[in-house]
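Remarks on the structure that follows.
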Amino acid sequence: MPMAAAESQYVCVEEREYCVELASAAEQPRLWRGIGRLACFFALVACLAFAMDALVTSGLRRIKTSAFGASNVVMEGKVNADVLITGSSRALVQYDPRAIEATTGLSAFNLGRNGSQTDMQVAFLKAYLAHNRRPKIVLHNLDAFSFVTTREVFDPVQYRPYLYDSSLYEASRKINPSIWKSRYIPLYGYVVDDMNLNWMRGLAGFVGWSPRGDYFLGFNPRHRTWTNEFDKFRTANPAGVRFEIEPAGVQDLENLIQLCKQNGIQLILVYSPEYSQMQKLTTNRAEIFARFHELADRNGVPIWDYSNWDHDSDRNFFYNSQHLNATGAAAFSSDMANRLQQFLLAQRSSTAEKAARDGHLATMSVNRIAVTNRLKGQ
Amino acid sequence: MLFNSLEFALFFPIAAGVYFTLSHRWRVHWLLFASCIFYMAFIPVYVLILVVTILIDYTAGIYIDKVEGNRKKLLLWVSILSTCSVLFVFKYFSFVTSSVVDVGGLFGWKLVRPAVNIILPIGLSFHTFQSLSYVIEVYFGKQKAERNFIVYATYVMFFPQLVAGPIERPQHLLPQFRVKHDFNYQNVTSGLKRMAWGLFKKLVVADRLALYVNDVYSSPRQYTGLQLTIATVFFAYQIYCDFSGYSDIAIGAAQVLGFRLMENFRTPYYSLSISEFWHRWHISLSTWFKDYLYIPLGGNRVSKPRYISNLLITFAVSGLWHGANWTYVIWGVLNGAYLVVGMLTKDLRDRGFEAIGVEKESKLRKAVMLVSTWTLTCLAWVVFRAKSTGDAWYVVSHLASNWDLSLLSTPQFLLRQFPVAVASIAVLEIGQLWQRSVSFPSFVGRFQMPVRWTIYASLVLAVLMFGVYRKTQFIYFQF
């Protein structure tokens, strides 16, 4: 039935204006025919939704810049770095791989994820290893909240185009069992789980447009000055704060250590700079660090603690208590790169010494065998 | 169950499909069952509150119909008081006891606040008023008592309008449960279009604006005058789109099933006076208060002081209906005061306009009236939205200060969301203005089916894609 012929007319009756629709009785499809037509219409909507979802996903995977660009090179297996930085936003905004490359001569990449906890960081590292050559060194950034597990995946759209990766999908599903909706219901992950209209970026990406480049080898420097976030936080928590040490969170860090061990990767745990007054506010800081050291000692992993960094009281280097700004990140990355260089040199010399010692021992035993044989011959 | 949830997207086609395939005899039973499922999706055990209210008013209705004189009046009051006592316990008990403790504190009495934390059953005020409407109409002989319990229970629990109205009158809704509603493709598609328009208002406009409004009104002292002003304007649109969007979905859903519900909004922000605004805003509640409170108090057929007090009482009670907080009461009284001042200064304003040569029907005068009505309404919304009277005063007194254009965004509402928010308001206004001259469906109806379907499917997709899907309830659910 042409809809034009069946246009509704609204007639207002009495004061309360009951809405009466005078439907044309002519040409009304029967029940099943009507349901069939409605089903066809919604099938059309579903098809459009599937097409749009594919378009957005494809567009986001084409982006060369921003967080999506950084993720894309990882998932396409184009990173293959020697040194990998993992962690939360503190890793993302504080470690400049360019400084590491310049100092050590090794290729480096920052895998930091905004708003992630250790569980998601491990998942992303697994995804990295599935698509890239394994790195020689992983610098894993520690936070005071490293032992807290993820309650809700932060900004889930950052993972949506890559949910085909089993590590990411399983880790997300563990945190949010309804993540299947994002993976299988068209557009769900882009419109329901994301309020920031990132699907628009996807459409733009599909036609070849990429956002402004603010990521450098995965590093995202923040050109910001000190905000009053910490002061508000301190006012709200005058007695300080306590970060839970959850057994599952401890296990997540243990998993990270084991993952690196199994892949023959040298892991270094780094507690990057934190604003000094925030350190005093964390009531169970000693307890958290004791767990860090216990884990590290048990597994023979070094910990580099920057709690007493030279500039940890200087607000010119931070934009809030947890994050260095671009200036602070440059200073810290330089310090870190030098320390890494020292570490590598020390590692190389100890390897050389070991090799020399092993070589010497081998020569000695060959000589001993020769002497023994000679004596036997005599 | 929220209208803007995946659960409802599954529930509604099943409910409607089964409804049409059942024989007429069982359809009301099915509607009641579906309504129970719908309501129990919130807090299942609270359905018992509805059962109690339904039993009280169903029984009272039958007896009120049977008896006469003082016994009839007594039964009416018993019914009203018992129904209202449920409302009082769940909605006003904490508010009243807290107020008593606060007042006692002024006199130096050390009273203890009772440690009661009751979750308000969703839509309690709506179905309470619908039940009250029934017994009052039966009392006045305008409605025969409903003997069929299933029909009466469905009247109270009809799921499209169960939790946020429109508050229906028995004469209008009850007979519809006895009529056989055949599947009518025209009705179904019209209803679905109405639901889509409601979802646009809710998901695209209201919920996006809510991100900004919630940030600012949760701690207004942290924001500049410009942000406070934007938040206030956004809230005016948010509450309109939230509530009228709900009404559109409710009316559309009922229409799909073959039912007609009362219109609840008629573009209220195009009103030229506060009085007109209240004839266009939440019509089902306004007429409820008019019929069952304002007119019984004497309405306007009394002395002027009494008339003024009738207005103020009606609006104060209306404010209290919206929530157990002094901000709502003040909001109600403020609207009543607007009406009173408007009435008292009408001649003065007419003379003022005449003096400057602005005629009664001129566009300039209409524009001034429209803008002033809108501004006064927005100022009243500040009190409605603020968490406390202190916050409301802070917002009102700082609206004009510190308009720092560099500070626009809030933690939840990024700068890039502004174009979408502003565009959604523009689409809303264009849509409403367009509807005045020609309805959108009749415009699209000129095209052949493939084009028409593509247009509709694209619009549905656009609504889905621009929507915000946080688990936010409709604002009016809390009332």
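We name chains A, B, ... following the order of the structure tokens; residues begin at 1 in each chain, and ligands are numbered from 1 as shown.
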Closest contacts (chain B/chain A, max 6 Å, only C-alpha atoms) as CSV:
residue,atom,partner,partner_atom,distance
B:Phe183,CA,A:Leu31,CA,5.8
B:Tyr185,CA,A:Gly34,CA,5.9
B:Met262,CA,A:Tyr18,CA,4.8
B:Glu263,CA,A:Tyr18,CA,5.9
B:Ser442,CA,A:Glu7,CA,5.8
B:Gly445,CA,A:Ala4,CA,4.1
B:Arg446,CA,A:Ala4,CA,5.7
B:Ala457,CA,A:Val45,CA,5.2
B:Met465,CA,A:Val191,CA,5.6
B:Val468,CA,A:Met195,CA,5.9
B:Tyr469,CA,A:Val192,CA,5.0
Contact residues around Leu55 (chain A) with only C-alpha atoms at 10 Å, ignoring same-chain residues under 3 positions, as a ChimeraX atom specification: /A:49-52,58-61,199,202-207
Region 337-351 of chain B environment, 8 Å, only C-alpha atoms, sequence neighbours closer than 2 positions dropped, as a PyMOL selection string: chain B and resi 274-275+308+311-312+333-335+353-355+360
Could you take the residues named above and write them with C-alpha atoms, as a PDB file, in the first residue's frame?
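Generated file (selection.pdb):
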ATOM      1  CA  ILE B 274       3.625  31.405  31.165  1.00  0.00           C
ATOM      2  CA  SER B 275      -0.079  30.634  31.205  1.00  0.00           C
ATOM      3  CA  ILE B 308      -4.135  33.950  43.756  1.00  0.00           C
ATOM      4  CA  LEU B 311      -2.943  29.282  41.880  1.00  0.00           C
ATOM      5  CA  LEU B 312      -0.027  29.259  44.303  1.00  0.00           C
ATOM      6  CA  VAL B 333       5.661  28.409  43.633  1.00  0.00           C
ATOM      7  CA  LEU B 334       7.873  30.398  41.270  1.00  0.00           C
ATOM      8  CA  ASN B 335       5.750  29.323  38.315  1.00  0.00           C
ATOM      9  CA  PHE B 353       3.396  48.237  24.423  1.00  0.00           C
ATOM     10  CA  GLU B 354       0.755  50.653  23.141  1.00  0.00           C
ATOM     11  CA  ALA B 355       2.792  53.598  24.358  1.00  0.00           C
ATOM     12  CA  LYS B 360      -0.965  43.476  19.948  1.00  0.00           C
TER      13      LYS B 360
END
Contacts of Asp119 (chain A) within 10 Å, only C-alpha atoms, excl. fewer than 6 positions in-chain, as a count of residues only: 17
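Excluding Gln277 (chain A) itself and same-chain residues fewer than 5 positions from it, the residues having an atom within 12 Å of it are Phe230, Asp231, Phe233, Arg234, Pro238, Gly240, Thr282, Thr283, Ser307, Asn308, Asp312, Ser313, Asp314, Arg315, Asn320, Ser321 and Gln322 of chain A, counting only C-alpha atoms.
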Would you write out those residues with C-alpha atoms, as a compact mmCIF listing (two decimals), in the first residue's frame?
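So result30.txt came out as:
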# COMPACT_ATOMS: atom_id res chain seq x y z
CA PHE A 230 45.61 17.48 42.32
CA ASP A 231 44.65 20.33 44.62
CA PHE A 233 41.87 15.76 44.85
CA ARG A 234 43.83 16.59 48.00
CA PRO A 238 42.70 15.15 53.24
CA GLY A 240 45.07 10.41 51.95
CA THR A 282 49.22 7.38 49.29
CA THR A 283 48.82 5.76 52.69
CA SER A 307 60.08 8.07 43.16
CA ASN A 308 62.88 10.41 44.18
CA ASP A 312 59.40 15.38 41.44
CA SER A 313 58.40 18.51 43.36
CA ASP A 314 58.51 20.86 40.40
CA ARG A 315 55.04 21.64 39.03
CA ASN A 320 48.82 16.63 37.44
CA SER A 321 50.12 14.40 40.20
CA GLN A 322 50.41 11.32 38.00
Minimum-distance residue to Pro121 (chain B), chosen among B:Val103, B:Ile54, B:Met40, B:Leu285 (using only C-alpha atoms): B:Met40
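Look at region 291-301 of chain A: the protein and nucleic acid residues within 8 Å of it, using only C-alpha atoms and passing over chain neighbours fewer than 5 places away, are Glu254, Ile257, Leu267, Ile268 and Leu269 of chain A.
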Contact residues around Ser190 (chain B) with only C-alpha atoms at 8 Å, ignoring same-chain residues under 3 positions, as a ChimeraX atom specification: /A:8 /B:186-187,193-194,252,255-256
Selected residues written out with C-alpha atoms, as a PDB file, in the first residue's frame:
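After the write, again.pdb holds the following:
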ATOM      1  CA  SER A   8      -2.326  10.025   9.056  1.00  0.00           C
TER       2      SER A   8
ATOM      3  CA  GLN B 186      -1.127   2.384   8.904  1.00  0.00           C
ATOM      4  CA  ASN B 187      -1.440   2.660  12.680  1.00  0.00           C
ATOM      5  CA  LYS B 193       7.454   6.874  13.279  1.00  0.00           C
ATOM      6  CA  ARG B 194       6.264   8.573  16.431  1.00  0.00           C
ATOM      7  CA  GLY B 252       3.658   5.669  19.490  1.00  0.00           C
ATOM      8  CA  GLN B 255      -0.654   3.419  18.723  1.00  0.00           C
ATOM      9  CA  VAL B 256       1.141   0.371  17.351  1.00  0.00           C
TER      10      VAL B 256
END
Quick one: pick out all strand (DSSP E) residues within region 181-347 of chain A from a backbone DSSP run and write them as a PDB file with N, CA and C atoms, in the first residue's frame.
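Wrote it out as selection13.pdb, contents follow:
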ATOM      1  N   GLN A 266      63.811  -9.403  28.076  1.00  0.00           N
ATOM      2  CA  GLN A 266      64.307  -8.783  29.306  1.00  0.00           C
ATOM      3  C   GLN A 266      63.272  -7.769  29.788  1.00  0.00           C
ATOM      4  N   LEU A 267      62.682  -8.037  30.934  1.00  0.00           N
ATOM      5  CA  LEU A 267      61.674  -7.113  31.481  1.00  0.00           C
ATOM      6  C   LEU A 267      62.334  -6.199  32.505  1.00  0.00           C
ATOM      7  N   ILE A 268      61.989  -4.927  32.442  1.00  0.00           N
ATOM      8  CA  ILE A 268      62.430  -3.978  33.476  1.00  0.00           C
ATOM      9  C   ILE A 268      61.187  -3.266  33.984  1.00  0.00           C
ATOM     10  N   LEU A 269      60.979  -3.323  35.281  1.00  0.00           N
ATOM     11  CA  LEU A 269      59.833  -2.624  35.869  1.00  0.00           C
ATOM     12  C   LEU A 269      60.283  -1.215  36.245  1.00  0.00           C
ATOM     13  N   VAL A 270      59.524  -0.233  35.814  1.00  0.00           N
ATOM     14  CA  VAL A 270      59.920   1.162  36.066  1.00  0.00           C
ATOM     15  C   VAL A 270      58.797   1.895  36.790  1.00  0.00           C
ATOM     16  N   TYR A 271      59.132   2.444  37.945  1.00  0.00           N
ATOM     17  CA  TYR A 271      58.150   3.321  38.597  1.00  0.00           C
ATOM     18  C   TYR A 271      58.513   4.738  38.191  1.00  0.00           C
ATOM     19  N   ILE A 303      64.021  -3.453  39.121  1.00  0.00           N
ATOM     20  CA  ILE A 303      63.034  -2.371  39.289  1.00  0.00           C
ATOM     21  C   ILE A 303      63.798  -1.056  39.297  1.00  0.00           C
ATOM     22  N   TRP A 304      63.380  -0.149  38.481  1.00  0.00           N
ATOM     23  CA  TRP A 304      63.963   1.193  38.484  1.00  0.00           C
ATOM     24  C   TRP A 304      62.934   2.137  39.090  1.00  0.00           C
ATOM     25  N   ASP A 305      63.267   2.651  40.216  1.00  0.00           N
ATOM     26  CA  ASP A 305      62.309   3.481  40.948  1.00  0.00           C
ATOM     27  C   ASP A 305      62.666   4.966  40.792  1.00  0.00           C
TER      28      ASP A 305
END
Expected answer as number ranges by chain: helix (DSSP H, G or I) residues in region 36-159 of chain A: A: 36-62, 66-75, 89-94, 97-104, 118-131, 156-158
CA of Phe149 (chain B) to CA of Lys66 (chain B), straight-line distance in Å: 16.6 Å
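CA of Val233 (chain B) sits 9.7 Å away from CA of Trp374 (chain B).
Minimum distance to Ser182 (chain A) across A:Asn114, A:Asp53, A:Asn80, A:Ile245 (counting only C-alpha atoms) occurs at A:Asp53.
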